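Enquirer: Quick one: structure below, then a few questions.
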Amino acid sequence: LCLLGFGNVNRTLVRLLQEKTSELQEREIGWRITGIASRSLGWIAHAEGLDHSALLEGKVSVGSTSAPPQNVREWLRAAQADVLFEATSLSVRDGQPAIDHIRAALESGAHAITANKGPIVHAYAELSALADSKGARFLFESTVMDGAPIFSMFRDSLPAVHLRGFRGILNSTTNVILSGMEDGLSFDESLKKAQEVGVAETDPTHDIEGWDAAVKVAALVTVLMEEKIALDAIQREGIRELSGEAVRAARSSGNPYKLVCRAQRDENGIHASVRPEQVPLSDPLAWITGTSNIVCFETDMFPGLAITEINPGLDATAYGMLADFIRTVSN
Ligand SMILES: NC(=O)c1ccc[n+]([C@@H]2O[C@H](COP(=O)([O-])OP(=O)(O)OC[C@H]3O[C@@H](n4cnc5c(N)ncnc54)[C@H](OP(=O)(O)O)[C@@H]3O)[C@@H](O)[C@H]2O)c1
């Protein structure tokens, strides 16, 4: 296994691989980590296997080769990669360099599993076709709603179903901020609190302006509605303009504000948006508070099929990658 990016997600994945070793053994899946890389670590390869406990303690040895790999292709070769787990930071505008890294893995014959939305939004068709041509898998369950089974549900459990549209709450940071404002805080106070508890990033612009949610909408539309959609084609409005008074008045009136993600297909194509909307308390979206997420799908067979994820953590995200790994090597 090769890990590209060694931050929150891939570290948690290593811990989960250790914890689930017996479940993997029951499925006759053995594993060893032979490559790890990031901008600060460089390209580290050790085909005999790196000590994963040491990796989690931050003890990263430089690998076995006298001439360390200088780029992703050399790294994959030196590590004899069978599976790449790509979990580097999202580049909203072009999905790079993650796309190049996944392309290199697939071209080498390895499977590629990513938690990064960029490659889905910008290169899904190309990377899927490449995987098919190489007899490899390209899977990405953790890109939307952490590890909740969305893409695999459609792929494996809903054959011949047509997705007409969906609505959901897909960004935790804005939902936490809105919950805080309902509890009496101003926008700035609620944002600060979300940063203090580690929900909001130091630079929360992407979340607050609706970019993160828009990227998730684009990923769902691209894969599940089978239509590539440009990010600029998604109507996008963030929550920065909402005042605490407006948010509290909306909740008191029984129509709380939520940052609602939508996509709908009609005779003119797909219309998609991310914007604050007031939803009635009878709507399941109104029940979603804090870091929880929901998506409600409208299909030709199920008028409403909802997946709700209550208080997801990093384990859920890493589990999505682990589940993709098991699917990949079991088939
Ligand atoms: N955290 C979550 O709950 C969550 C949930 C779902 C999906 N995701 C997605 O999963 C991915 C990883 O998230 P994370 O929370 O693990 O992020 P993180 O903690 O910030 O870690 C990112 C890792 O990627 C490396 N990296 C960044 N840019 C790189 C580049 N150009 N080349 C090589 N390495 C690079 C970073 O190391 P260097 O700085 O040393 O390069 C770091 O090791 C992101 O795309 C995120 O959107 C995260």
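Simple scheme: letters A, B, ... for chains in structure tokens order, numbers from 1 for residues in each chain, numbers from 1 for ligands in the order shown.
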Would you list, as number ranges by chain, the residues of stretch 77-318 of chain A that end up in strand (DSSP E or B) under DSSP run on this structure's backbone?
Expert: A: 83-86, 111-114, 138-139, 163-169, 234-236, 257-266, 269-278, 293-299, 305-309
Enquirer: Counting only C-alpha atoms and all ligand atoms, what are the residues of chain A within 7 Å of ligand 1, and for each of them which pair of atoms is the nearest and at what distance in Å, to one decimal? Sort the table by chain and rising number, as a tab-separated table.
Expert:
```
residue	atom	partner	partner_atom_place_in_ligand_line	distance
A:Leu4	CA	ligand 1	34 (N)	6.2
A:Gly5	CA	ligand 1	24 (O)	3.6
A:Phe6	CA	ligand 1	43 (O)	3.6
A:Gly7	CA	ligand 1	21 (O)	3.3
A:Asn8	CA	ligand 1	16 (O)	3.7
A:Val9	CA	ligand 1	16 (O)	3.7
A:Asn10	CA	ligand 1	16 (O)	6.0
A:Ala37	CA	ligand 1	34 (N)	6.4
A:Ser38	CA	ligand 1	34 (N)	3.5
A:Arg39	CA	ligand 1	41 (O)	3.4
A:Ser40	CA	ligand 1	40 (O)	3.6
A:Leu41	CA	ligand 1	40 (O)	5.9
A:Ala87	CA	ligand 1	11 (C)	4.2
A:Thr88	CA	ligand 1	24 (O)	3.3
A:Ser89	CA	ligand 1	45 (O)	4.0
A:Leu90	CA	ligand 1	45 (O)	4.1
A:Pro97	CA	ligand 1	31 (N)	5.6
A:Ala115	CA	ligand 1	10 (O)	4.4
A:Asn116	CA	ligand 1	45 (O)	3.6
A:Lys117	CA	ligand 1	45 (O)	6.2
A:Ser142	CA	ligand 1	6 (C)	5.5
A:Thr143	CA	ligand 1	7 (C)	4.9
A:Val144	CA	ligand 1	6 (C)	6.5
A:Met145	CA	ligand 1	6 (C)	6.9
A:Asp146	CA	ligand 1	6 (C)	4.7
A:Gly313	CA	ligand 1	3 (O)	6.6
A:Leu314	CA	ligand 1	3 (O)	5.1
A:Thr317	CA	ligand 1	5 (C)	5.3
```
Enquirer: Show me, as a list of chain:residue names, the residues that have an atom within 10 Å of stretch 196-199 of chain A when counting only C-alpha atoms, minus same-chain residues fewer than 4 positions from it.
Expert: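 Contacts, with the query itself left out: A:Ser172, A:Thr173, A:Thr174, A:Val176, A:Ile177, A:Ser190, A:Leu191, A:Lys192, A:Pro204, A:Gly290, A:Thr291.
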Enquirer: Distance table requested - stretch 43-97 of chain A against stretch 19-36 of chain A, cut-off 6 Å, only C-alpha atoms: one row per qualifying residue with the closest atom pair and its distance in Å to one decimal, ordered by chain and rising residue number, as a Markdown table.
Expert:
```
| residue | atom | partner | partner_atom | distance |
| --- | --- | --- | --- | --- |
| A:Ile44 | CA | A:Ile36 | CA | 5.3 |
| A:Ala45 | CA | A:Gly35 | CA | 4.3 |
| A:His46 | CA | A:Thr34 | CA | 4.9 |
| A:Ala47 | CA | A:Thr34 | CA | 5.0 |
| A:Gly49 | CA | A:Thr34 | CA | 4.6 |
| A:Leu50 | CA | A:Ile33 | CA | 5.6 |
| A:Ala79 | CA | A:Thr34 | CA | 5.1 |
```
Enquirer: Residues near A:Glu126, anyone? I mean within 12 Å using only C-alpha atoms, not counting same-chain ones fewer than 6 positions away, as a list in words.
Expert: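 That gives Ile99, Asp100, Ile102, Arg103, Leu106, Glu107, Pro119, Ile120, Asp132, Ser133, Phe138 and Lys228 of chain A.
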Enquirer: Write the residues of the preceding selection, restricted to N, CA and C atoms, as a short mmCIF file (atom, residue, chain, number, x, y, z; two decimals), in the first residue's frame.
Expert:
```cif
data_model
loop_
_atom_site.label_atom_id
_atom_site.label_comp_id
_atom_site.auth_asym_id
_atom_site.auth_seq_id
_atom_site.Cartn_x
_atom_site.Cartn_y
_atom_site.Cartn_z
N ILE A 99 -4.65 14.63 -9.44
CA ILE A 99 -5.05 13.94 -10.67
C ILE A 99 -3.84 13.25 -11.30
N ASP A 100 -2.73 13.98 -11.39
CA ASP A 100 -1.51 13.39 -11.99
C ASP A 100 -1.03 12.19 -11.18
N ILE A 102 -2.88 10.14 -9.27
CA ILE A 102 -3.79 9.00 -9.45
C ILE A 102 -3.59 8.41 -10.85
N ARG A 103 -3.42 9.29 -11.83
CA ARG A 103 -3.17 8.81 -13.20
C ARG A 103 -1.92 7.93 -13.23
N LEU A 106 -2.69 4.50 -11.65
CA LEU A 106 -3.51 3.63 -12.51
C LEU A 106 -2.69 3.15 -13.71
N GLU A 107 -1.89 4.04 -14.29
CA GLU A 107 -1.07 3.64 -15.44
C GLU A 107 -0.07 2.56 -15.05
N PRO A 119 -10.05 15.28 -7.88
CA PRO A 119 -9.98 14.39 -9.04
C PRO A 119 -11.36 13.96 -9.55
N ILE A 120 -12.35 13.92 -8.69
CA ILE A 120 -13.70 13.52 -9.15
C ILE A 120 -14.32 14.64 -9.96
N ASP A 132 -10.50 1.34 -15.95
CA ASP A 132 -11.12 0.22 -16.69
C ASP A 132 -10.13 -0.40 -17.68
N SER A 133 -9.41 0.46 -18.37
CA SER A 133 -8.50 -0.05 -19.41
C SER A 133 -7.35 -0.84 -18.80
N PHE A 138 -10.87 2.50 -9.44
CA PHE A 138 -10.70 3.88 -8.99
C PHE A 138 -11.92 4.18 -8.12
N LYS A 228 -21.05 15.85 -16.39
CA LYS A 228 -20.00 16.72 -15.85
C LYS A 228 -20.57 18.13 -15.69
#
```
Enquirer: DSSP on the backbone: which residues in stretch 13-170 of chain A end up as alpha helix (DSSP H)? Give the answer as a PyMOL selection string.
Expert: chain A and resi 13-19+21-26+52-56+72-79+98-107+117-134+151-152
Enquirer: Find the residues around A:Thr328 up to 9 Å (only C-alpha atoms counted), leave out those fewer than 4 positions away in its own chain, and share them as a list in words.
Expert: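 The residues satisfying every condition are Val83, His111, Ile113, Ala136, Arg137, Phe138, Leu139, Ala323 and Asp324 of chain A.
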Enquirer: Convert the current residue selection to file output with N, CA, C and O atoms, as an mmCIF file, in the first residue's frame.
Expert:
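Below is the file again_31.cif, written as the result:
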```cif
data_model
loop_
_atom_site.group_PDB
_atom_site.id
_atom_site.type_symbol
_atom_site.label_atom_id
_atom_site.label_comp_id
_atom_site.auth_asym_id
_atom_site.auth_seq_id
_atom_site.Cartn_x
_atom_site.Cartn_y
_atom_site.Cartn_z
ATOM 1 N N VAL A 83 -1.851 -0.658 -4.323
ATOM 2 C CA VAL A 83 -2.973 0.256 -4.073
ATOM 3 C C VAL A 83 -2.410 1.600 -3.622
ATOM 4 O O VAL A 83 -1.538 1.652 -2.748
ATOM 5 N N HIS A 111 -4.380 -0.018 -8.105
ATOM 6 C CA HIS A 111 -5.702 0.554 -7.831
ATOM 7 C C HIS A 111 -5.503 1.915 -7.168
ATOM 8 O O HIS A 111 -4.480 2.140 -6.502
ATOM 9 N N ILE A 113 -7.459 4.814 -4.622
ATOM 10 C CA ILE A 113 -8.569 5.141 -3.724
ATOM 11 C C ILE A 113 -8.299 6.541 -3.198
ATOM 12 O O ILE A 113 -7.204 6.817 -2.707
ATOM 13 N N ALA A 136 -8.036 -2.006 -13.301
ATOM 14 C CA ALA A 136 -7.838 -1.527 -11.924
ATOM 15 C C ALA A 136 -9.125 -0.845 -11.440
ATOM 16 O O ALA A 136 -10.046 -0.602 -12.215
ATOM 17 N N ARG A 137 -9.186 -0.559 -10.152
ATOM 18 C CA ARG A 137 -10.344 0.160 -9.613
ATOM 19 C C ARG A 137 -9.944 1.569 -9.236
ATOM 20 O O ARG A 137 -8.828 1.809 -8.747
ATOM 21 N N PHE A 138 -10.868 2.496 -9.441
ATOM 22 C CA PHE A 138 -10.698 3.881 -8.991
ATOM 23 C C PHE A 138 -11.920 4.182 -8.123
ATOM 24 O O PHE A 138 -13.028 4.288 -8.633
ATOM 25 N N LEU A 139 -11.728 4.258 -6.802
ATOM 26 C CA LEU A 139 -12.861 4.391 -5.882
ATOM 27 C C LEU A 139 -12.659 5.608 -4.970
ATOM 28 O O LEU A 139 -11.528 6.028 -4.695
ATOM 29 N N ALA A 323 -13.197 0.503 3.293
ATOM 30 C CA ALA A 323 -14.248 -0.258 2.605
ATOM 31 C C ALA A 323 -13.951 -0.317 1.102
ATOM 32 O O ALA A 323 -14.105 -1.367 0.467
ATOM 33 N N ASP A 324 -13.479 0.803 0.540
ATOM 34 C CA ASP A 324 -13.079 0.796 -0.873
ATOM 35 C C ASP A 324 -11.946 -0.205 -1.104
ATOM 36 O O ASP A 324 -11.913 -0.913 -2.111
#
```
Enquirer: Excluding stretch 164-169 of chain A and its own-chain neighbours fewer than 6 positions away, which residues fall within 10 Å of it when counting only C-alpha atoms? Please give them as a PyMOL selection string.
Expert: chain A and resi 145+175+213+217+220-221+224-225+258-266+270-274+284-286+288-289+291-300+303-308
Enquirer: Closest to A:Ala316 among A:Gln80, A:Ala148, A:Trp43, A:Phe85, using only C-alpha atoms?
Expert: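 Closest to A:Ala316 of all the choices is A:Ala148.
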